[in-house]
>>> print(open('start.pdb').read())   # PDB, C-alpha atoms
ATOM      1  CA  GLY C   1      52.726  12.335  59.327  1.00  0.00           C
ATOM      2  CA  ASP C   2      50.583  11.774  56.277  1.00  0.00           C
ATOM      3  CA  SER C   3      47.615   9.487  56.624  1.00  0.00           C
ATOM      4  CA  VAL C   4      44.528   8.404  54.734  1.00  0.00           C
ATOM      5  CA  THR C   5      41.271   7.348  56.350  1.00  0.00           C
ATOM      6  CA  GLN C   6      38.980   5.386  54.140  1.00  0.00           C
ATOM      7  CA  MET C   7      35.455   4.120  54.590  1.00  0.00           C
ATOM      8  CA  GLU C   8      35.583   0.562  55.781  1.00  0.00           C
ATOM      9  CA  GLY C   9      33.810  -2.163  53.932  1.00  0.00           C
ATOM     10  CA  PRO C  10      32.780  -4.468  52.746  1.00  0.00           C
ATOM     11  CA  VAL C  11      30.226  -2.718  50.595  1.00  0.00           C
ATOM     12  CA  THR C  12      27.650  -4.770  48.727  1.00  0.00           C
ATOM     13  CA  LEU C  13      25.490  -3.167  46.058  1.00  0.00           C
ATOM     14  CA  SER C  14      23.075  -4.147  43.361  1.00  0.00           C
ATOM     15  CA  GLU C  15      23.880  -3.410  39.745  1.00  0.00           C
ATOM     16  CA  GLU C  16      23.061   0.172  38.665  1.00  0.00           C
ATOM     17  CA  ALA C  17      23.209   1.407  42.253  1.00  0.00           C
ATOM     18  CA  PHE C  18      25.111   4.543  43.252  1.00  0.00           C
ATOM     19  CA  LEU C  19      28.478   4.016  44.885  1.00  0.00           C
ATOM     20  CA  THR C  20      30.272   6.360  47.248  1.00  0.00           C
ATOM     21  CA  ILE C  21      33.474   5.516  49.099  1.00  0.00           C
ATOM     22  CA  ASN C  22      34.573   8.162  51.550  1.00  0.00           C
ATOM     23  CA  CYS C  23      38.204   9.157  51.876  1.00  0.00           C
ATOM     24  CA  THR C  24      39.746  11.847  54.048  1.00  0.00           C
ATOM     25  CA  TYR C  25      43.372  12.673  54.491  1.00  0.00           C
ATOM     26  CA  THR C  26      45.856  14.340  56.792  1.00  0.00           C
ATOM     27  CA  ALA C  27      48.874  16.051  55.306  1.00  0.00           C
ATOM     28  CA  THR C  28      51.089  18.968  56.155  1.00  0.00           C
ATOM     29  CA  GLY C  29      51.249  20.331  52.623  1.00  0.00           C
ATOM     30  CA  TYR C  30      49.356  19.929  49.394  1.00  0.00           C
ATOM     31  CA  PRO C  31      49.397  16.303  48.398  1.00  0.00           C
ATOM     32  CA  SER C  32      48.417  14.608  45.184  1.00  0.00           C
ATOM     33  CA  LEU C  33      45.498  12.260  45.713  1.00  0.00           C
ATOM     34  CA  PHE C  34      44.795   8.943  44.041  1.00  0.00           C
ATOM     35  CA  TRP C  35      42.299   6.144  43.833  1.00  0.00           C
ATOM     36  CA  TYR C  36      43.705   2.733  42.990  1.00  0.00           C
ATOM     37  CA  VAL C  37      41.701  -0.381  42.207  1.00  0.00           C
ATOM     38  CA  GLN C  38      42.612  -4.020  42.665  1.00  0.00           C
ATOM     39  CA  TYR C  39      40.397  -6.430  40.749  1.00  0.00           C
ATOM     40  CA  PRO C  40      40.231 -10.036  41.949  1.00  0.00           C
ATOM     41  CA  GLY C  41      43.473 -11.822  41.183  1.00  0.00           C
ATOM     42  CA  GLU C  42      45.049  -8.774  39.572  1.00  0.00           C
ATOM     43  CA  GLY C  43      47.578  -6.128  40.482  1.00  0.00           C
ATOM     44  CA  LEU C  44      46.990  -2.581  41.594  1.00  0.00           C
ATOM     45  CA  GLN C  45      45.868  -0.132  38.917  1.00  0.00           C
ATOM     46  CA  LEU C  46      45.516   3.610  38.979  1.00  0.00           C
ATOM     47  CA  LEU C  47      41.855   4.537  38.656  1.00  0.00           C
ATOM     48  CA  LEU C  48      42.087   8.319  38.849  1.00  0.00           C
ATOM     49  CA  LYS C  49      44.094  11.121  40.394  1.00  0.00           C
ATOM     50  CA  ALA C  50      43.958  14.804  41.274  1.00  0.00           C
ATOM     51  CA  THR C  51      46.917  17.006  41.986  1.00  0.00           C
ATOM     52  CA  LYS C  52      45.446  20.226  43.333  1.00  0.00           C
ATOM     53  CA  ALA C  53      42.415  21.599  45.111  1.00  0.00           C
ATOM     54  CA  ASP C  54      39.126  21.475  43.191  1.00  0.00           C
ATOM     55  CA  ASP C  55      40.592  19.156  40.556  1.00  0.00           C
ATOM     56  CA  LYS C  56      38.242  16.382  39.542  1.00  0.00           C
ATOM     57  CA  GLY C  57      39.697  13.047  38.525  1.00  0.00           C
ATOM     58  CA  SER C  58      37.549  10.757  36.407  1.00  0.00           C
ATOM     59  CA  ASN C  59      37.858   7.394  34.697  1.00  0.00           C
ATOM     60  CA  LYS C  60      35.538   4.511  33.770  1.00  0.00           C
ATOM     61  CA  GLY C  61      32.529   6.415  35.114  1.00  0.00           C
ATOM     62  CA  PHE C  62      34.190   7.018  38.488  1.00  0.00           C
ATOM     63  CA  GLU C  63      34.788  10.535  39.768  1.00  0.00           C
ATOM     64  CA  ALA C  64      36.492  12.118  42.755  1.00  0.00           C
ATOM     65  CA  THR C  65      36.999  15.795  43.577  1.00  0.00           C
ATOM     66  CA  TYR C  66      39.931  17.119  45.603  1.00  0.00           C
ATOM     67  CA  ARG C  67      38.313  19.100  48.433  1.00  0.00           C
ATOM     68  CA  LYS C  68      40.942  20.976  50.368  1.00  0.00           C
ATOM     69  CA  GLU C  69      38.476  22.584  52.759  1.00  0.00           C
ATOM     70  CA  THR C  70      37.217  19.210  53.945  1.00  0.00           C
ATOM     71  CA  THR C  71      40.478  17.308  53.213  1.00  0.00           C
ATOM     72  CA  SER C  72      38.468  14.754  51.296  1.00  0.00           C
ATOM     73  CA  PHE C  73      38.611  12.837  48.035  1.00  0.00           C
ATOM     74  CA  HIS C  74      35.438  10.752  47.941  1.00  0.00           C
ATOM     75  CA  LEU C  75      35.007   8.271  45.102  1.00  0.00           C
ATOM     76  CA  GLU C  76      31.647   8.105  43.327  1.00  0.00           C
ATOM     77  CA  LYS C  77      30.033   6.218  40.511  1.00  0.00           C
ATOM     78  CA  GLY C  78      26.475   6.745  39.426  1.00  0.00           C
ATOM     79  CA  SER C  79      25.648   3.250  38.190  1.00  0.00           C
ATOM     80  CA  VAL C  80      27.877   0.343  39.145  1.00  0.00           C
ATOM     81  CA  GLN C  81      28.293  -2.873  37.228  1.00  0.00           C
ATOM     82  CA  VAL C  82      29.263  -6.356  38.342  1.00  0.00           C
ATOM     83  CA  SER C  83      32.663  -5.741  36.749  1.00  0.00           C
ATOM     84  CA  ASP C  84      33.283  -2.941  39.293  1.00  0.00           C
ATOM     85  CA  SER C  85      33.628  -5.519  42.053  1.00  0.00           C
ATOM     86  CA  ALA C  86      37.099  -4.918  43.440  1.00  0.00           C
ATOM     87  CA  VAL C  87      39.081  -3.463  46.316  1.00  0.00           C
ATOM     88  CA  TYR C  88      39.467   0.314  46.128  1.00  0.00           C
ATOM     89  CA  PHE C  89      42.346   2.158  47.791  1.00  0.00           C
ATOM     90  CA  CYS C  90      42.588   5.874  48.441  1.00  0.00           C
ATOM     91  CA  ALA C  91      46.162   7.150  48.554  1.00  0.00           C
ATOM     92  CA  LEU C  92      48.161  10.337  48.773  1.00  0.00           C
ATOM     93  CA  SER C  93      51.632  11.476  47.891  1.00  0.00           C
ATOM     94  CA  GLU C  94      52.825  14.657  49.526  1.00  0.00           C
ATOM     95  CA  ASP C  95      56.386  14.833  48.361  1.00  0.00           C
ATOM     96  CA  ASP C  96      55.872  13.273  44.965  1.00  0.00           C
ATOM     97  CA  TYR C  97      57.909  10.454  46.361  1.00  0.00           C
ATOM     98  CA  LYS C  98      55.978   7.700  48.084  1.00  0.00           C
ATOM     99  CA  LEU C  99      52.354   6.752  48.483  1.00  0.00           C
ATOM    100  CA  SER C 100      50.432   6.442  51.719  1.00  0.00           C
ATOM    101  CA  PHE C 101      47.418   4.174  51.363  1.00  0.00           C
ATOM    102  CA  GLY C 102      44.106   3.892  53.098  1.00  0.00           C
ATOM    103  CA  ALA C 103      42.928   0.544  54.400  1.00  0.00           C
ATOM    104  CA  GLY C 104      41.031  -0.360  51.238  1.00  0.00           C
ATOM    105  CA  THR C 105      37.321  -0.892  50.662  1.00  0.00           C
ATOM    106  CA  THR C 106      36.012  -4.126  49.216  1.00  0.00           C
ATOM    107  CA  VAL C 107      33.088  -3.542  46.881  1.00  0.00           C
ATOM    108  CA  THR C 108      30.873  -6.350  45.647  1.00  0.00           C
ATOM    109  CA  VAL C 109      28.247  -5.649  43.008  1.00  0.00           C
ATOM    110  CA  ARG C 110      25.480  -8.202  42.607  1.00  0.00           C
ATOM    111  CA  ALA C 111      23.605  -8.736  39.361  1.00  0.00           C
TER     112      ALA C 111
ATOM    113  CA  SER I   1      53.054   4.325  31.414  1.00  0.00           C
ATOM    114  CA  ALA I   2      55.880   2.022  32.460  1.00  0.00           C
ATOM    115  CA  VAL I   3      55.440  -1.733  32.305  1.00  0.00           C
ATOM    116  CA  ILE I   4      56.736  -3.735  35.254  1.00  0.00           C
ATOM    117  CA  SER I   5      57.543  -7.426  35.177  1.00  0.00           C
ATOM    118  CA  GLN I   6      57.688  -8.945  38.633  1.00  0.00           C
ATOM    119  CA  LYS I   7      58.579 -12.506  39.469  1.00  0.00           C
ATOM    120  CA  PRO I   8      57.914 -14.961  40.883  1.00  0.00           C
ATOM    121  CA  SER I   9      54.182 -14.380  40.888  1.00  0.00           C
ATOM    122  CA  ARG I  10      53.778 -16.668  43.859  1.00  0.00           C
ATOM    123  CA  ASP I  11      55.771 -19.033  45.994  1.00  0.00           C
ATOM    124  CA  ILE I  12      55.407 -21.277  49.000  1.00  0.00           C
ATOM    125  CA  CYS I  13      58.513 -21.308  51.169  1.00  0.00           C
ATOM    126  CA  GLN I  14      59.722 -23.063  54.278  1.00  0.00           C
ATOM    127  CA  ARG I  15      60.308 -21.013  57.378  1.00  0.00           C
ATOM    128  CA  GLY I  16      63.913 -20.020  57.885  1.00  0.00           C
ATOM    129  CA  THR I  17      64.650 -19.774  54.164  1.00  0.00           C
ATOM    130  CA  SER I  18      64.954 -16.669  51.973  1.00  0.00           C
ATOM    131  CA  LEU I  19      63.207 -15.609  48.790  1.00  0.00           C
ATOM    132  CA  THR I  20      64.401 -13.038  46.261  1.00  0.00           C
ATOM    133  CA  ILE I  21      61.789 -11.155  44.258  1.00  0.00           C
ATOM    134  CA  GLN I  22      62.764  -9.505  41.000  1.00  0.00           C
ATOM    135  CA  CYS I  23      61.297  -6.404  39.421  1.00  0.00           C
ATOM    136  CA  GLN I  24      62.135  -5.369  35.827  1.00  0.00           C
ATOM    137  CA  VAL I  25      60.906  -2.093  34.325  1.00  0.00           C
ATOM    138  CA  ASP I  26      60.739  -1.389  30.605  1.00  0.00           C
ATOM    139  CA  SER I  27      62.176   2.105  31.025  1.00  0.00           C
ATOM    140  CA  GLN I  28      64.774   3.802  33.174  1.00  0.00           C
ATOM    141  CA  VAL I  29      63.466   5.113  36.472  1.00  0.00           C
ATOM    142  CA  THR I  30      65.224   6.866  39.300  1.00  0.00           C
ATOM    143  CA  MET I  31      63.315   5.425  42.221  1.00  0.00           C
ATOM    144  CA  MET I  32      61.710   2.054  42.706  1.00  0.00           C
ATOM    145  CA  PHE I  33      59.502   1.277  45.679  1.00  0.00           C
ATOM    146  CA  TRP I  34      58.797  -1.983  47.465  1.00  0.00           C
ATOM    147  CA  TYR I  35      55.496  -2.491  49.275  1.00  0.00           C
ATOM    148  CA  ARG I  36      54.004  -5.220  51.419  1.00  0.00           C
ATOM    149  CA  GLN I  37      50.313  -6.061  51.508  1.00  0.00           C
ATOM    150  CA  GLN I  38      49.502  -8.369  54.386  1.00  0.00           C
ATOM    151  CA  PRO I  39      46.356 -10.496  54.112  1.00  0.00           C
ATOM    152  CA  GLY I  40      43.281  -8.290  54.148  1.00  0.00           C
ATOM    153  CA  GLN I  41      45.384  -5.199  54.796  1.00  0.00           C
ATOM    154  CA  SER I  42      46.452  -2.125  52.907  1.00  0.00           C
ATOM    155  CA  LEU I  43      49.837  -1.549  51.321  1.00  0.00           C
ATOM    156  CA  THR I  44      52.783  -0.526  53.460  1.00  0.00           C
ATOM    157  CA  LEU I  45      55.976   0.883  52.021  1.00  0.00           C
ATOM    158  CA  ILE I  46      59.014  -1.218  52.903  1.00  0.00           C
ATOM    159  CA  ALA I  47      61.764   0.793  51.258  1.00  0.00           C
ATOM    160  CA  THR I  48      62.782   2.979  48.371  1.00  0.00           C
ATOM    161  CA  ALA I  49      65.540   1.727  46.092  1.00  0.00           C
ATOM    162  CA  ASN I  50      67.753   4.263  44.356  1.00  0.00           C
ATOM    163  CA  GLN I  51      70.320   3.246  41.813  1.00  0.00           C
ATOM    164  CA  GLY I  52      73.837   3.676  43.107  1.00  0.00           C
ATOM    165  CA  SER I  53      72.995   4.173  46.752  1.00  0.00           C
ATOM    166  CA  GLU I  54      71.689   2.277  49.744  1.00  0.00           C
ATOM    167  CA  ALA I  55      67.968   1.710  49.932  1.00  0.00           C
ATOM    168  CA  THR I  56      65.971   3.875  52.310  1.00  0.00           C
ATOM    169  CA  TYR I  57      63.884   1.832  54.728  1.00  0.00           C
ATOM    170  CA  GLU I  58      60.651   2.847  56.408  1.00  0.00           C
ATOM    171  CA  SER I  59      60.113   2.566  60.113  1.00  0.00           C
ATOM    172  CA  GLY I  60      59.685  -1.045  61.123  1.00  0.00           C
ATOM    173  CA  PHE I  61      61.675  -2.483  58.236  1.00  0.00           C
ATOM    174  CA  VAL I  62      65.392  -3.277  58.362  1.00  0.00           C
ATOM    175  CA  ILE I  63      68.007  -4.115  55.795  1.00  0.00           C
ATOM    176  CA  ASP I  64      68.952  -7.422  57.408  1.00  0.00           C
ATOM    177  CA  LYS I  65      65.418  -8.705  56.967  1.00  0.00           C
ATOM    178  CA  PHE I  66      64.681  -7.094  53.585  1.00  0.00           C
ATOM    179  CA  PRO I  67      67.923  -6.532  51.675  1.00  0.00           C
ATOM    180  CA  ILE I  68      67.431  -4.696  48.404  1.00  0.00           C
ATOM    181  CA  SER I  69      69.616  -4.451  45.353  1.00  0.00           C
ATOM    182  CA  ARG I  70      69.384  -1.835  42.600  1.00  0.00           C
ATOM    183  CA  PRO I  71      72.161  -2.553  40.117  1.00  0.00           C
ATOM    184  CA  ASN I  72      70.795  -0.332  37.326  1.00  0.00           C
ATOM    185  CA  LEU I  73      67.934   1.991  36.421  1.00  0.00           C
ATOM    186  CA  THR I  74      65.594  -0.756  35.218  1.00  0.00           C
ATOM    187  CA  PHE I  75      65.985  -3.535  37.773  1.00  0.00           C
ATOM    188  CA  SER I  76      65.685  -4.198  41.492  1.00  0.00           C
ATOM    189  CA  THR I  77      65.418  -7.155  43.819  1.00  0.00           C
ATOM    190  CA  LEU I  78      63.916  -7.538  47.277  1.00  0.00           C
ATOM    191  CA  THR I  79      64.935 -10.467  49.442  1.00  0.00           C
ATOM    192  CA  VAL I  80      62.778 -11.640  52.323  1.00  0.00           C
ATOM    193  CA  SER I  81      65.255 -13.268  54.695  1.00  0.00           C
ATOM    194  CA  ASN I  82      64.866 -15.908  57.372  1.00  0.00           C
ATOM    195  CA  MET I  83      61.178 -16.128  56.682  1.00  0.00           C
ATOM    196  CA  SER I  84      58.467 -16.864  59.201  1.00  0.00           C
ATOM    197  CA  PRO I  85      54.714 -17.354  58.646  1.00  0.00           C
ATOM    198  CA  GLU I  86      54.225 -13.681  59.557  1.00  0.00           C
ATOM    199  CA  ASP I  87      56.018 -12.782  56.331  1.00  0.00           C
ATOM    200  CA  SER I  88      53.201 -14.307  54.296  1.00  0.00           C
ATOM    201  CA  SER I  89      52.039 -11.351  52.208  1.00  0.00           C
ATOM    202  CA  ILE I  90      51.880  -9.937  48.742  1.00  0.00           C
ATOM    203  CA  TYR I  91      55.011  -7.991  47.872  1.00  0.00           C
ATOM    204  CA  LEU I  92      54.793  -5.365  45.145  1.00  0.00           C
ATOM    205  CA  CYS I  93      57.274  -3.149  43.407  1.00  0.00           C
ATOM    206  CA  SER I  94      56.304   0.223  42.059  1.00  0.00           C
ATOM    207  CA  VAL I  95      57.774   3.085  40.059  1.00  0.00           C
ATOM    208  CA  LYS I  96      56.722   6.645  39.647  1.00  0.00           C
ATOM    209  CA  THR I  97      55.626   7.318  36.109  1.00  0.00           C
ATOM    210  CA  GLY I  98      55.557  10.685  34.462  1.00  0.00           C
ATOM    211  CA  GLY I  99      52.484  12.412  33.114  1.00  0.00           C
ATOM    212  CA  ASP I 100      49.036  11.360  34.268  1.00  0.00           C
ATOM    213  CA  TYR I 101      49.889   7.794  35.137  1.00  0.00           C
ATOM    214  CA  GLY I 102      50.947   8.329  38.707  1.00  0.00           C
ATOM    215  CA  TYR I 103      52.611   5.277  40.124  1.00  0.00           C
ATOM    216  CA  THR I 104      52.721   1.951  38.306  1.00  0.00           C
ATOM    217  CA  PHE I 105      52.720  -1.321  40.212  1.00  0.00           C
ATOM    218  CA  GLY I 106      53.973  -4.765  39.395  1.00  0.00           C
ATOM    219  CA  SER I 107      51.497  -7.618  39.544  1.00  0.00           C
ATOM    220  CA  GLY I 108      52.851  -8.687  42.913  1.00  0.00           C
ATOM    221  CA  THR I 109      54.437 -11.755  44.461  1.00  0.00           C
ATOM    222  CA  ARG I 110      52.138 -13.783  46.691  1.00  0.00           C
ATOM    223  CA  LEU I 111      54.342 -15.364  49.334  1.00  0.00           C
ATOM    224  CA  THR I 112      53.181 -18.089  51.690  1.00  0.00           C
ATOM    225  CA  VAL I 113      55.549 -19.237  54.423  1.00  0.00           C
ATOM    226  CA  VAL I 114      54.840 -22.625  55.973  1.00  0.00           C
TER     227      VAL I 114
END
>>> encode(input="start.pdb", output="structure tokens")
Amino acid sequence: GDSVTQMEGPVTLSEEAFLTINCTYTATGYPSLFWYVQYPGEGLQLLLKATKADDKGSNKGFEATYRKETTSFHLEKGSVQVSDSAVYFCALSEDDYKLSFGAGTTVTVRA
Amino acid sequence: SAVISQKPSRDICQRGTSLTIQCQVDSQVTMMFWYRQQPGQSLTLIATANQGSEATYESGFVIDKFPISRPNLTFSTLTVSNMSPEDSSIYLCSVKTGGDYGYTFGSGTRLTVV
């Protein structure tokens, strides 16, 4: 079945550092891919998405490119801020129906 | 995107009791999804609630433990029955939103069973 493998955390960075969170997936078809973010004490929010190969999703300085050849959707940000401290979830939806989530990566950014 | 109101936001319950979680959406949606997020874990889909039909449960989840109602296109409830401490989790409802918004989630219900 569908699955998402996500880089385990926790990840601790200094402000203005470069962030990468690796995400790879297994699917039988051509899924849509998502990154969700959960800030402390808040609900889950969509950060970005990509629906087909080579699409790049971007939002709030974060980017991720749908790489079909490597079945990956790595999340990157060039310069993180303290406010980026959160749990990040990679997810996929193959049938446009339900989401399968990765384990989540806790990111802490220190000033 | 859709706006979801979920309540209660948190509760502490005695083992053996049941809790019903409500999810109200500000627009009509065909499918609503219920997820569980156990402490320190990722989200796991419990079931999909369709209006006018029985909910579809994922492997490992059964209707007797997690009965779901879907009386109309904007509302659903999830009941956690005969609770034990292992049911302590965050429960979230979700809907699929059109356009670029993907899936929208409620703010979650943090359940602690003592």
>>> resolve_selection(input="start.pdb", expression="the ChimeraX specification (/C :<8) & /I", output="PyMOL selection string")
chain I and resi 33+41-45+96+100-108
>>> resolve_selection(input="start.pdb", expression="the PyMOL selection byres ((chain C and resi 21) around 8)", output="list in words")
Gln6, Met7, Leu19, Thr20, Asn22, Cys23, His74, Leu75, Glu76 and Thr105 of chain C
>>> resolve_selection(input="start.pdb", expression="the PyMOL selection byres ((chain I and resi 29) around 12)", output="PDB file with C-alpha atoms, in the frame of the given file")
ATOM      1  CA  SER I   1      53.054   4.325  31.414  1.00  0.00           C
ATOM      2  CA  ALA I   2      55.880   2.022  32.460  1.00  0.00           C
ATOM      3  CA  VAL I   3      55.440  -1.733  32.305  1.00  0.00           C
ATOM      4  CA  ILE I   4      56.736  -3.735  35.254  1.00  0.00           C
ATOM      5  CA  GLN I  24      62.135  -5.369  35.827  1.00  0.00           C
ATOM      6  CA  VAL I  25      60.906  -2.093  34.325  1.00  0.00           C
ATOM      7  CA  ASP I  26      60.739  -1.389  30.605  1.00  0.00           C
ATOM      8  CA  SER I  27      62.176   2.105  31.025  1.00  0.00           C
ATOM      9  CA  GLN I  28      64.774   3.802  33.174  1.00  0.00           C
ATOM     10  CA  THR I  30      65.224   6.866  39.300  1.00  0.00           C
ATOM     11  CA  MET I  31      63.315   5.425  42.221  1.00  0.00           C
ATOM     12  CA  MET I  32      61.710   2.054  42.706  1.00  0.00           C
ATOM     13  CA  PHE I  33      59.502   1.277  45.679  1.00  0.00           C
ATOM     14  CA  ALA I  49      65.540   1.727  46.092  1.00  0.00           C
ATOM     15  CA  ASN I  50      67.753   4.263  44.356  1.00  0.00           C
ATOM     16  CA  GLN I  51      70.320   3.246  41.813  1.00  0.00           C
ATOM     17  CA  ARG I  70      69.384  -1.835  42.600  1.00  0.00           C
ATOM     18  CA  ASN I  72      70.795  -0.332  37.326  1.00  0.00           C
ATOM     19  CA  LEU I  73      67.934   1.991  36.421  1.00  0.00           C
ATOM     20  CA  THR I  74      65.594  -0.756  35.218  1.00  0.00           C
ATOM     21  CA  PHE I  75      65.985  -3.535  37.773  1.00  0.00           C
ATOM     22  CA  SER I  76      65.685  -4.198  41.492  1.00  0.00           C
ATOM     23  CA  SER I  94      56.304   0.223  42.059  1.00  0.00           C
ATOM     24  CA  VAL I  95      57.774   3.085  40.059  1.00  0.00           C
ATOM     25  CA  LYS I  96      56.722   6.645  39.647  1.00  0.00           C
ATOM     26  CA  THR I  97      55.626   7.318  36.109  1.00  0.00           C
ATOM     27  CA  GLY I  98      55.557  10.685  34.462  1.00  0.00           C
ATOM     28  CA  TYR I 103      52.611   5.277  40.124  1.00  0.00           C
ATOM     29  CA  THR I 104      52.721   1.951  38.306  1.00  0.00           C
TER      30      THR I 104
END
>>> axis_aligned_box(input="start.pdb", around="range 66-75 of chain I", padding_each_side="8 Å", output="JSON")
{"center_x": 68.4, "center_y": -2.6, "center_z": 44.4, "size_x": 23.5, "size_y": 25.1, "size_z": 34.4}
>>> residues_around(input="start.pdb", residues="Gly78 in chain C", least_positions_apart="3", cutoff="9 Å", atoms="all atoms listed in the file", output="PyMOL selection string")
chain C and resi 16-20+61-62
>>> atom_distance(input="start.pdb", atom1="CA of Val82 in chain C", atom2="CA of Arg110 in chain C")
6.0 Å
>>> closest_residue(input="start.pdb", among="C:Pro31, C:Thr12, C:Tyr25, C:Val107", to="Asp84 in chain C", atoms="only C-alpha atoms")
C:Val107
>>> residues_around(input="start.pdb", residues="Tyr91 in chain I", least_positions_apart="5", cutoff="10 Å", atoms="all atoms listed in the file", output="PyMOL selection string")
chain I and resi 6+9-10+21+34-38+43-46+78+80+106-111
>>> decode(input="start.pdb", residues="range 62-108 of chain I", atoms="C-alpha atoms", output="mmCIF file, in the first residue's frame")
data_model
loop_
_atom_site.group_PDB
_atom_site.id
_atom_site.type_symbol
_atom_site.label_atom_id
_atom_site.label_comp_id
_atom_site.auth_asym_id
_atom_site.auth_seq_id
_atom_site.Cartn_x
_atom_site.Cartn_y
_atom_site.Cartn_z
ATOM 1 C CA VAL I 62 -14.140 -0.937 14.293
ATOM 2 C CA ILE I 63 -17.552 0.633 14.425
ATOM 3 C CA ASP I 64 -18.314 -0.616 17.931
ATOM 4 C CA LYS I 65 -15.331 1.268 19.305
ATOM 5 C CA PHE I 66 -15.578 4.360 17.079
ATOM 6 C CA PRO I 67 -19.173 4.864 15.943
ATOM 7 C CA ILE I 68 -19.583 7.728 13.505
ATOM 8 C CA SER I 69 -22.619 9.710 12.507
ATOM 9 C CA ARG I 70 -22.995 11.872 9.399
ATOM 10 C CA PRO I 71 -26.515 13.288 9.422
ATOM 11 C CA ASN I 72 -25.898 15.957 6.760
ATOM 12 C CA LEU I 73 -23.237 17.407 4.475
ATOM 13 C CA THR I 74 -21.812 19.816 7.050
ATOM 14 C CA PHE I 75 -21.671 17.808 10.268
ATOM 15 C CA SER I 76 -20.222 14.613 11.699
ATOM 16 C CA THR I 77 -19.567 13.078 15.083
ATOM 17 C CA LEU I 78 -17.049 10.503 16.259
ATOM 18 C CA THR I 79 -17.645 8.655 19.505
ATOM 19 C CA VAL I 80 -14.811 6.978 21.373
ATOM 20 C CA SER I 81 -16.530 4.197 23.304
ATOM 21 C CA ASN I 82 -15.603 2.331 26.456
ATOM 22 C CA MET I 83 -12.424 4.315 26.751
ATOM 23 C CA SER I 84 -9.141 3.093 28.150
ATOM 24 C CA PRO I 85 -5.891 5.023 28.739
ATOM 25 C CA GLU I 86 -4.657 3.728 25.368
ATOM 26 C CA ASP I 87 -7.301 5.899 23.719
ATOM 27 C CA SER I 88 -5.556 9.032 24.957
ATOM 28 C CA SER I 89 -4.798 10.856 21.709
ATOM 29 C CA ILE I 90 -5.637 13.854 19.623
ATOM 30 C CA TYR I 91 -8.601 13.204 17.356
ATOM 31 C CA LEU I 92 -8.981 15.335 14.243
ATOM 32 C CA CYS I 93 -11.597 15.667 11.572
ATOM 33 C CA SER I 94 -10.715 16.670 8.059
ATOM 34 C CA VAL I 95 -12.394 17.492 4.763
ATOM 35 C CA LYS I 96 -11.095 17.633 1.264
ATOM 36 C CA THR I 97 -11.181 21.157 -0.056
ATOM 37 C CA GLY I 98 -11.240 22.116 -3.680
ATOM 38 C CA GLY I 99 -8.608 24.151 -5.460
ATOM 39 C CA ASP I 100 -5.137 24.500 -3.989
ATOM 40 C CA TYR I 101 -6.097 24.010 -0.378
ATOM 41 C CA GLY I 102 -5.811 20.262 -0.229
ATOM 42 C CA TYR I 103 -7.276 18.893 2.945
ATOM 43 C CA THR I 104 -8.418 21.097 5.812
ATOM 44 C CA PHE I 105 -8.194 19.909 9.401
ATOM 45 C CA GLY I 106 -10.080 20.805 12.522
ATOM 46 C CA SER I 107 -8.086 22.040 15.487
ATOM 47 C CA GLY I 108 -8.349 18.647 17.144
#
